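Undergrad: Following this message is one structure expressed as structure tokens.
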There are 2 protein chains.
Amino acid sequence: MEVSRKCEALLRLLALAVLVLTACLIRTNTQTKLLFGFYRKKATFKDLDAYVVSLYVDLAAAGYNLLQFIRCLSPRFLQPSAGTKLTVLPCDVIQYWLCFLLDQATAYLVFAANCSATALSVMAVTGSKSLQWMKLCDKYTRFCYQAGGHLFCGVVASLLLAAVASASAFNLFRFYSPKYFMSRKT
Amino acid sequence: MEVSRKCEALLRLLALAVLVLTACLIRTNTQTKLLFGFYRKKATFKDLDAYVVSLYVDLAAAGYNLLQFIRCLSPRFLQPSAGTKLTVLPCDVIQYWLCFLLDQATAYLVFAANCSATALSVMAVTGSKSLQWMKLCDKYTRFCYQAGGHLFCGVVASLLLAAVASASAFNLFRFYSPKYFMSRKT
């Protein structure tokens with residue numbers, strides 16, 4: 001297996017693991033609190049829409065990276081013809097473009113979901129006087145610590161996916177000529 | 001001037017214009033409302049930390065893209081030696097790597113700022129019963145429409161910066177060999 005293919009597979013496996021971990025941390029995050037001695041109130045990830053979106057986006061990205069990881073390992077399917085010859089077939093280039101675009105979209109989507117969840121979580125910690133939004137983490141401390149945990153995992157996942165997207169760009173653009181615009185090497 | 005250089009300059013100019021427009025829309029967004037007939041209350045972009053962060057990030061990204069745009073236009077400075085010969089000097093490669101990393105960072109930063117602001121704005125429109133966060137756009141309608149405007153501009157700016165980052169990746173990675181991992185063409 002080519003070195004770049006090995007790096008890509010490793011990055012994808014890491015990203016997959018971190019995404020699954022993030023999804024698990026979001027899904028299991030729940031805290032029940034006894035208010036005024038009798039009134040039970042429960043905080044779950046469903047209270048914040050951004051967490052729900054984050055969960056689904058993370059799972060979708062994990063599924064996509066699993067498929068791509070299998071593609072990286074498979075010896076027959078979509079292997080670069082570059083290892084054997086310098087030219088690359090047009091059908092391969094289309095596949096590389098598809099991978100590049102999907103990887104970019106995945107990286108930005110996971111990043112977006114994580115940033116939105118982080119912004120709302122920061123607001124839940126600090127509250128806002130001018131908007132009359134109350135603080136929430138005074139009441140649900142354990143919930144907020146776990147939220148911090150999955151947000152951190154989300155940052156790690158975003159960095160890994162950005163690296164995967166860069167590797168994907170590397171795999172695609174190295175087939176292009178440095179001399180002429182958008183023409184492939186011969 | 002090379003075609004890829006022209007495309008890059010055009011993309012950077014567009015991104016610069018949209019970023020400046022976004023910053024202006026954020027900065028001028030203010031609405032004063034008379035509550036109960038005598039009590040004046042003012043909504044500004046400073047009420048939401050995410051808008052303040054967004055403003056500074058947009059301005060910084062605009063400044064960076066202005067510098068890069070000047071670099072693209074300048075005939076002597078950092079022009080690709082690729083137009084004349086197939087090999088590229090090591091010092092040029094370092095500069096391309098620097099551009100690539102800075103462009104990636106800019107794209108992700110602007111995207112992060114915009115996503116955070118969007119998440120909080122959606123919360124300001126919908127409110128949250130379970131979190132006891134009140135709706136705000138019933139009171140400050142014009143403020144919220146302008147906020148929608150700069151969030152949309154932010155999305156356009158993010159897309160343009162993602163395209164710039166891709167162009168930057170193209171400029172860098174096409175100097176690498178499709179045959180051997182991380183070795184440059186000779």
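To be explicit about the labels: the chains of the structure tokens are called A, B, and onward in the order shown, and within each one the residues are counted from 1, while ligands get numbers from 1 in the order they are shown.
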Using only C-alpha atoms, which protein or nucleic acid residues come within 10 Å of Val57 of chain A? Drop anything in the same chain fewer than 5 positions from it, and give the result as a PDB file with N, CA, C and O atoms, in the first residue's frame.
TA:
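Saved the output as result22.pdb:
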ATOM      1  N   LEU A  19     -15.211  10.579  16.389  1.00  0.00           N
ATOM      2  CA  LEU A  19     -16.604  10.944  16.088  1.00  0.00           C
ATOM      3  C   LEU A  19     -17.575  10.051  16.844  1.00  0.00           C
ATOM      4  O   LEU A  19     -18.580  10.539  17.392  1.00  0.00           O
ATOM      5  N   ALA A  23     -20.266  11.195  19.691  1.00  0.00           N
ATOM      6  CA  ALA A  23     -21.695  10.881  19.601  1.00  0.00           C
ATOM      7  C   ALA A  23     -22.164  10.180  20.871  1.00  0.00           C
ATOM      8  O   ALA A  23     -23.243  10.488  21.399  1.00  0.00           O
ATOM      9  N   TYR A  51     -27.223  20.325  20.122  1.00  0.00           N
ATOM     10  CA  TYR A  51     -26.653  19.031  20.510  1.00  0.00           C
ATOM     11  C   TYR A  51     -27.244  17.914  19.662  1.00  0.00           C
ATOM     12  O   TYR A  51     -26.540  16.981  19.271  1.00  0.00           O
ATOM     13  N   VAL A  52     -28.568  18.002  19.406  1.00  0.00           N
ATOM     14  CA  VAL A  52     -29.226  16.972  18.595  1.00  0.00           C
ATOM     15  C   VAL A  52     -28.645  16.979  17.187  1.00  0.00           C
ATOM     16  O   VAL A  52     -28.274  15.927  16.646  1.00  0.00           O
ATOM     17  N   ALA A  62     -19.222   9.876  10.824  1.00  0.00           N
ATOM     18  CA  ALA A  62     -18.572   8.619  11.198  1.00  0.00           C
ATOM     19  C   ALA A  62     -18.879   7.542  10.165  1.00  0.00           C
ATOM     20  O   ALA A  62     -17.984   6.809   9.733  1.00  0.00           O
ATOM     21  N   GLY A  63     -20.151   7.476   9.726  1.00  0.00           N
ATOM     22  CA  GLY A  63     -20.538   6.504   8.703  1.00  0.00           C
ATOM     23  C   GLY A  63     -19.795   6.729   7.407  1.00  0.00           C
ATOM     24  O   GLY A  63     -19.253   5.783   6.813  1.00  0.00           O
ATOM     25  N   THR A 106     -17.780  17.340   4.646  1.00  0.00           N
ATOM     26  CA  THR A 106     -17.845  16.680   5.954  1.00  0.00           C
ATOM     27  C   THR A 106     -17.113  17.501   7.006  1.00  0.00           C
ATOM     28  O   THR A 106     -17.622  17.745   8.100  1.00  0.00           O
ATOM     29  N   LEU A 109     -19.079  20.625   7.815  1.00  0.00           N
ATOM     30  CA  LEU A 109     -20.345  20.337   8.508  1.00  0.00           C
ATOM     31  C   LEU A 109     -20.111  20.004   9.975  1.00  0.00           C
ATOM     32  O   LEU A 109     -20.788  20.545  10.866  1.00  0.00           O
ATOM     33  N   VAL A 110     -19.143  19.101  10.244  1.00  0.00           N
ATOM     34  CA  VAL A 110     -18.847  18.715  11.628  1.00  0.00           C
ATOM     35  C   VAL A 110     -18.366  19.932  12.406  1.00  0.00           C
ATOM     36  O   VAL A 110     -18.764  20.162  13.551  1.00  0.00           O
ATOM     37  N   PHE A 111     -17.524  20.741  11.744  1.00  0.00           N
ATOM     38  CA  PHE A 111     -17.013  21.963  12.366  1.00  0.00           C
ATOM     39  C   PHE A 111     -18.171  22.906  12.704  1.00  0.00           C
ATOM     40  O   PHE A 111     -18.229  23.468  13.811  1.00  0.00           O
ATOM     41  N   ALA A 112     -19.110  23.069  11.773  1.00  0.00           N
ATOM     42  CA  ALA A 112     -20.254  23.961  11.984  1.00  0.00           C
ATOM     43  C   ALA A 112     -21.097  23.489  13.158  1.00  0.00           C
ATOM     44  O   ALA A 112     -21.474  24.287  14.033  1.00  0.00           O
ATOM     45  N   ALA A 113     -21.392  22.185  13.189  1.00  0.00           N
ATOM     46  CA  ALA A 113     -22.222  21.638  14.260  1.00  0.00           C
ATOM     47  C   ALA A 113     -21.546  21.853  15.607  1.00  0.00           C
ATOM     48  O   ALA A 113     -22.192  22.239  16.594  1.00  0.00           O
ATOM     49  N   ASN A 114     -20.216  21.628  15.618  1.00  0.00           N
ATOM     50  CA  ASN A 114     -19.487  21.770  16.875  1.00  0.00           C
ATOM     51  C   ASN A 114     -19.417  23.227  17.339  1.00  0.00           C
ATOM     52  O   ASN A 114     -19.564  23.523  18.522  1.00  0.00           O
TER      53      ASN A 114
END
Undergrad: Excluding segment 136-138 of chain A and its own-chain neighbours fewer than 5 positions away, which residues fall within 10 Å of it when counting only C-alpha atoms? Please give them as a PyMOL selection string.
TA: (chain A and resi 43+121-127+143-145) or (chain B and resi 131-132)
Undergrad: Wanna dump the chain A-chain B contacts at 8 Å for me, each residue with its shortest atom pair and the distance in Å to one decimal, counting only C-alpha atoms, ordered by chain and number, as CSV?
TA:
residue,atom,partner,partner_atom,distance
A:Glu2,CA,B:Phe181,CA,7.8
A:Val3,CA,B:Phe181,CA,6.3
A:Ser4,CA,B:Phe181,CA,6.0
A:Asp47,CA,B:Ser130,CA,6.2
A:Ala50,CA,B:Ala119,CA,7.6
A:Ala82,CA,B:Lys179,CA,5.2
A:Gly83,CA,B:Lys179,CA,5.5
A:Thr84,CA,B:Lys179,CA,7.7
A:Lys85,CA,B:Lys179,CA,7.2
A:Leu86,CA,B:Lys179,CA,6.0
A:Tyr108,CA,B:Tyr108,CA,7.9
A:Phe111,CA,B:Ala112,CA,7.3
A:Ala112,CA,B:Cys115,CA,5.7
A:Ala113,CA,B:Cys115,CA,7.9
A:Cys115,CA,B:Ser116,CA,5.6
A:Ser116,CA,B:Ser116,CA,4.7
A:Ala117,CA,B:Ala119,CA,7.7
A:Thr118,CA,B:Ser116,CA,7.5
A:Ala119,CA,B:Ser116,CA,5.1
A:Leu120,CA,B:Leu120,CA,6.4
A:Ser130,CA,B:Asp47,CA,6.2
A:Leu131,CA,B:Asp47,CA,7.2
A:Gln132,CA,B:Met134,CA,7.2
A:Trp133,CA,B:Trp133,CA,4.9
A:Met134,CA,B:Trp133,CA,6.8
A:Leu136,CA,B:Leu131,CA,7.4
A:Ser166,CA,B:Ala169,CA,7.7
A:Ala169,CA,B:Ala169,CA,6.6
A:Phe170,CA,B:Phe173,CA,5.5
A:Asn171,CA,B:Pro178,CA,7.8
A:Phe173,CA,B:Arg174,CA,5.2
A:Arg174,CA,B:Arg174,CA,4.3
A:Phe175,CA,B:Pro178,CA,5.5
A:Tyr176,CA,B:Arg174,CA,5.3
A:Ser177,CA,B:Arg174,CA,6.1
A:Pro178,CA,B:Arg174,CA,5.3
A:Lys179,CA,B:Ala82,CA,5.2
A:Tyr180,CA,B:Gly83,CA,7.5
A:Phe181,CA,B:Ser4,CA,6.0
Undergrad: Write a file of the selected residues as a PDB file, in the first residue's frame, keeping C-alpha atoms.
TA:
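Result file follows (part_12.pdb):
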ATOM      1  CA  GLU A   2       1.188   3.497  -0.848  1.00  0.00           C
ATOM      2  CA  VAL A   3       2.378   5.742   2.032  1.00  0.00           C
ATOM      3  CA  SER A   4      -0.219   8.458   1.357  1.00  0.00           C
ATOM      4  CA  ASP A  47     -32.954  20.425  25.459  1.00  0.00           C
ATOM      5  CA  ALA A  50     -27.597  22.193  18.577  1.00  0.00           C
ATOM      6  CA  ALA A  82      -0.255   6.444  -9.639  1.00  0.00           C
ATOM      7  CA  GLY A  83       1.828   3.773  -7.934  1.00  0.00           C
ATOM      8  CA  THR A  84       2.393   2.014 -11.211  1.00  0.00           C
ATOM      9  CA  LYS A  85       2.332   4.789 -13.788  1.00  0.00           C
ATOM     10  CA  LEU A  86       2.566   8.564 -13.816  1.00  0.00           C
ATOM     11  CA  TYR A 108     -17.063  21.952   7.381  1.00  0.00           C
ATOM     12  CA  PHE A 111     -17.013  21.963  12.366  1.00  0.00           C
ATOM     13  CA  ALA A 112     -20.254  23.961  11.984  1.00  0.00           C
ATOM     14  CA  ALA A 113     -22.222  21.638  14.260  1.00  0.00           C
ATOM     15  CA  CYS A 115     -19.131  25.566  16.743  1.00  0.00           C
ATOM     16  CA  SER A 116     -22.878  26.069  17.108  1.00  0.00           C
ATOM     17  CA  ALA A 117     -23.026  23.701  20.078  1.00  0.00           C
ATOM     18  CA  THR A 118     -20.009  25.451  21.639  1.00  0.00           C
ATOM     19  CA  ALA A 119     -21.552  28.908  21.210  1.00  0.00           C
ATOM     20  CA  LEU A 120     -24.771  27.836  22.920  1.00  0.00           C
ATOM     21  CA  SER A 130     -28.907  42.094  28.365  1.00  0.00           C
ATOM     22  CA  LEU A 131     -30.830  39.237  26.703  1.00  0.00           C
ATOM     23  CA  GLN A 132     -32.291  37.997  30.019  1.00  0.00           C
ATOM     24  CA  TRP A 133     -30.996  34.481  29.368  1.00  0.00           C
ATOM     25  CA  MET A 134     -30.280  32.661  32.622  1.00  0.00           C
ATOM     26  CA  LEU A 136     -27.802  26.882  33.473  1.00  0.00           C
ATOM     27  CA  SER A 166      -6.080  18.256   3.209  1.00  0.00           C
ATOM     28  CA  ALA A 169      -6.718  17.682  -1.645  1.00  0.00           C
ATOM     29  CA  PHE A 170      -3.131  16.407  -1.826  1.00  0.00           C
ATOM     30  CA  ASN A 171      -4.276  13.157  -3.473  1.00  0.00           C
ATOM     31  CA  PHE A 173      -4.154  18.093  -6.927  1.00  0.00           C
ATOM     32  CA  ARG A 174      -0.826  16.314  -7.289  1.00  0.00           C
ATOM     33  CA  PHE A 175      -2.121  14.914 -10.576  1.00  0.00           C
ATOM     34  CA  TYR A 176      -2.279  18.428 -12.013  1.00  0.00           C
ATOM     35  CA  SER A 177       0.495  20.118 -13.911  1.00  0.00           C
ATOM     36  CA  PRO A 178       2.438  22.843 -12.089  1.00  0.00           C
ATOM     37  CA  LYS A 179       3.015  24.496 -15.450  1.00  0.00           C
ATOM     38  CA  TYR A 180      -0.426  24.771 -17.058  1.00  0.00           C
ATOM     39  CA  PHE A 181      -3.671  25.649 -15.306  1.00  0.00           C
TER      40      PHE A 181
END
Undergrad: As a PyMOL selection string, please: every residue in chain B that DSSP puts in helix (DSSP H, G or I).
TA: chain B and resi 3-27+45-47+49-73+81-83+90-126+141-173
Undergrad: Which of chain A counts as strand (DSSP E or B) under DSSP, as a PyMOL selection string please?
TA: chain A and resi 30-35+39-44+128+133+176+184
Undergrad: Kindly indicate which residue among A:Ser183, A:Lys33, A:Asp58, A:Gln95 lies nearest to Thr141 of chain A, using only C-alpha atoms for the distances.
TA: A:Lys33
Undergrad: Measuring atom to atom with only C-alpha atoms, identify which of A:Gln68, A:Gly149, A:Ala15, A:Val156 is nearest to Leu98 of chain A.
TA: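 Closest to Leu98 of chain A, using only C-alpha atoms: A:Gln68.
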Undergrad: Pick out the closest residue to Asn65 of chain B from this set: B:Leu159, B:Val164, B:Leu21, B:Leu89. Count only C-alpha atoms.
TA: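 Of B:Leu159, B:Val164, B:Leu21, B:Leu89, the one nearest Asn65 of chain B is B:Val164, counting only C-alpha atoms.
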Undergrad: Could you tell me how far atom CA of Leu25 of chain A lies from atom CA of His150 of chain A, in Å and to one decimal?
TA: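 Rounded to one decimal, the two atoms are 5.7 Å apart.
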Undergrad: Kindly give the distance, in Å, that separates atom CA of Leu16 of chain A and atom CA of Ala105 of chain B, rounded to a single decimal.
TA: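 Computing it gives 22.5 Å between the two atoms.
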Undergrad: Neighbours of Ile26 of chain A within 9 Å (only C-alpha atoms; same-chain residues fewer than 2 positions away dropped), as a PyMOL selection string?
TA: chain A and resi 21-24+28-30+44-45+51-52+54-55+146-147+150-151
Undergrad: Just N, CA and C atoms for this one: save the residues we selected as a compact mmCIF listing (two decimals), in the first residue's frame.
TA:
# COMPACT_ATOMS: atom_id res chain seq x y z
N LEU A 21 -16.94 8.43 19.63
CA LEU A 21 -16.82 8.81 21.05
C LEU A 21 -17.66 10.06 21.35
N THR A 22 -17.54 11.07 20.46
CA THR A 22 -18.31 12.31 20.63
C THR A 22 -19.81 12.02 20.66
N ALA A 23 -20.27 11.20 19.69
CA ALA A 23 -21.69 10.88 19.60
C ALA A 23 -22.16 10.18 20.87
N CYS A 24 -21.34 9.24 21.39
CA CYS A 24 -21.71 8.52 22.62
C CYS A 24 -21.81 9.49 23.80
N THR A 28 -25.33 10.06 25.85
CA THR A 28 -25.49 9.60 27.23
C THR A 28 -25.54 10.74 28.24
N ASN A 29 -25.49 11.97 27.73
CA ASN A 29 -25.42 13.11 28.64
C ASN A 29 -26.81 13.45 29.19
N THR A 30 -27.02 13.10 30.44
CA THR A 30 -28.31 13.40 31.05
C THR A 30 -28.13 13.54 32.57
N THR A 44 -31.38 16.87 29.40
CA THR A 44 -30.82 15.93 28.42
C THR A 44 -30.27 16.72 27.24
N PHE A 45 -29.63 15.97 26.34
CA PHE A 45 -29.07 16.63 25.14
C PHE A 45 -30.18 17.17 24.25
N TYR A 51 -27.22 20.33 20.12
CA TYR A 51 -26.65 19.03 20.51
C TYR A 51 -27.24 17.91 19.66
N VAL A 52 -28.57 18.00 19.41
CA VAL A 52 -29.23 16.97 18.60
C VAL A 52 -28.64 16.98 17.19
N SER A 54 -25.75 18.14 16.29
CA SER A 54 -24.36 17.69 16.43
C SER A 54 -24.30 16.16 16.44
N LEU A 55 -25.21 15.54 17.19
CA LEU A 55 -25.23 14.06 17.29
C LEU A 55 -25.41 13.44 15.91
N GLN A 146 -19.85 17.06 31.24
CA GLN A 146 -19.86 16.09 30.14
C GLN A 146 -20.00 16.81 28.79
N ALA A 147 -20.80 17.91 28.79
CA ALA A 147 -20.95 18.70 27.56
C ALA A 147 -19.59 19.25 27.13
N HIS A 150 -17.66 16.46 25.42
CA HIS A 150 -17.96 16.13 24.02
C HIS A 150 -17.65 17.29 23.09
N LEU A 151 -17.67 18.51 23.62
CA LEU A 151 -17.26 19.64 22.77
C LEU A 151 -15.77 19.56 22.46
